[in-house]
Amino acid sequence: MQTKLADEFKGSDIGEEADAILRSCVHCGFCSATCPTYQELGDELDSPRGRIYLIKQMLEGNTVTEKTQRHLDRCLTCLACETTCPSGVRYGRLVEIGREYVDKKVGRSLPDMITRKVLRTILPYPQRLKPLVKLSQLVKPLLPATLKAKVPVQQRATVPTSATHQRKMVLLAGCAQSVIKPGTNSAAIKILERLDITLTTPTAAGCCGAVSYHLSEKEEGLAFMRRNIDAWWPLIDPASDAPHEAVLVTASGCGAMVKAYGDALKNDPAYADKAALVSALAKDPCEVVINEELSSLKLINTARQKIAFQTPCTLQHAQQLNGEVEAILTQLGFELTPVPDGHLCCGSAGTYSILQAEMSQTLLDNKLSALMSGQPDIIATANIGCHIHLESRAGIPVKHWLEVIAEAM
Ligand code: SF4
Ligand code: SF4
């Protein structure tokens, strides 16, 4: 695609980066076939190609309006288009640049600003989120049906004891997941313990930074990243005795973010090298478990329940790990049901389910129909956002796949 950058972008890092991405797009439109918002709305401007065109117009100095912002806001950043694109266009990075610019130019309405601020002020902080989740669970019976569905199912989990093994990995405690679904990390500790791997969870680490970063509050997101790197560094420093071999992230959305630390901090001289190492060490649990001797997990009753596995976009498109969890579950003897259109987003997409509720619910309907078509007993997933989104209307239990395995141990 030919481009002619406006003067304000010429020669700037962002301008050059966006220009290179725009030029790699040959405008073929293959990506539209797998874009959930284009499938639902049928508007070219709600397709990846249309959004790329809108960003091109912005960077060429054309007027930016709320209409541009609306079409970019409707994008789920699911990255199905990146998986489909034969030219390797880095759409996700381009839309990030486009959103930051459009927000600066057009601003936000007061209610929108408040909602975004509230999300950024609460979600990344377990100590703030916890009392709100507890309160919502307490008053759940009194709430109208639509709000009731949004209250996450209460989950209690004890942290299993872990012996000290020669093999060690860092575990990201995370933010919302540690409050709402503590069973996920407990299951990870239990499973890796049986694989003779100790997980260490430095308490100084927390939110991966994705909430702020994806709401165009880049500096805030970078501060979370630096804090995590500082917390993990003594454990992973190659110069230390026996550094931990990986940074394990059990929520695929957070995993995708941690794997992008190196890129996000590449221009920070104090953190660039450390961030690159953290990204290289970041692993989804499926990348670890699939390489281990699975028989040592000693599972029982794996054929008891039929499972529909929902592959989060952050696992299949961002981390490109499609099929790995299914391979593990199948090898372990679990029965998986077929899930049509597995490449499509469930509509959770981080804060999207709150900021774009209507589209999010439409995509949830589609996803639940697909998941339920094989009549499973439970739905399994790999990401906290998808977990609570699916659970809100699934009508059957939804679990992290690690919990499914841990329960069979
Ligand atoms: S992003 Fe890729 S698939 Fe989509 S129009 Fe551009 S080159 Fe084609
Ligand atoms: S990231 Fe997803 S919603 Fe956004 S343009 Fe690409 S396929 Fe469509």
# chains A, B, ... in the order shown; residues from 1 in each chain; ligands from 1
call {"tool": "residues_around", "arguments": {"residues": "segment 41-56 of chain A", "least_positions_apart": "2", "cutoff": "9 Å", "atoms": "only C-alpha atoms", "output": "MDAnalysis selection string"}}
result
chainID A and resid 3:5 18:19 22 25 27:33 35:39 58:62 64 68 71:72 74:75 81 91 94:95 97:99 102
call {"tool": "residues_around", "arguments": {"residues": "Thr250 of chain A", "least_positions_apart": "4", "cutoff": "7 Å", "atoms": "only C-alpha atoms", "output": "JSON, numbers by chain"}}
result
{"A": [185, 284, 285]}
call {"tool": "write_last_selection", "arguments": {"atoms": "N, CA and C atoms", "output": "PDB file, in the first residue's frame"}}
result
ATOM      1  N   ASN A 185      -4.224 -20.785  39.437  1.00  0.00           N
ATOM      2  CA  ASN A 185      -2.803 -20.884  39.824  1.00  0.00           C
ATOM      3  C   ASN A 185      -2.567 -22.017  40.822  1.00  0.00           C
ATOM      4  N   ASP A 284       3.224 -20.021  28.300  1.00  0.00           N
ATOM      5  CA  ASP A 284       1.910 -20.488  28.701  1.00  0.00           C
ATOM      6  C   ASP A 284       2.132 -21.899  29.276  1.00  0.00           C
ATOM      7  N   PRO A 285       1.309 -22.309  30.262  1.00  0.00           N
ATOM      8  CA  PRO A 285       1.524 -23.648  30.830  1.00  0.00           C
ATOM      9  C   PRO A 285       1.485 -24.761  29.783  1.00  0.00           C
TER      10      PRO A 285
END
call {"tool": "select_by_dssp", "arguments": {"residues": "segment 26-271 of chain A", "states": "strand (DSSP E)", "output": "list of chain:residue names"}}
result
A:Arg167, A:Lys168, A:Met169, A:Val170, A:Leu171, A:Ile197, A:Thr198, A:Leu199, A:Thr200, A:Val247, A:Leu248
call {"tool": "select_by_dssp", "arguments": {"residues": "segment 145-289 of chain A", "states": "helix (DSSP H, G or I)", "output": "count of residues only"}}
result
71
call {"tool": "atom_distance", "arguments": {"atom1": "atom CA of Ala382 of chain A", "atom2": "atom CA of Lys266 of chain A"}}
result
28.1 Å
call {"tool": "closest_residue", "arguments": {"among": "A:Gln305, A:Ser24, A:Gln155, A:Gln137", "to": "ligand 1", "atoms": "only C-alpha atoms and all ligand atoms"}}
result
A:Ser24
call {"tool": "atom_distance", "arguments": {"atom1": "atom CA of Gln316 of chain A", "atom2": "atom CA of Leu344 of chain A"}}
result
10.2 Å
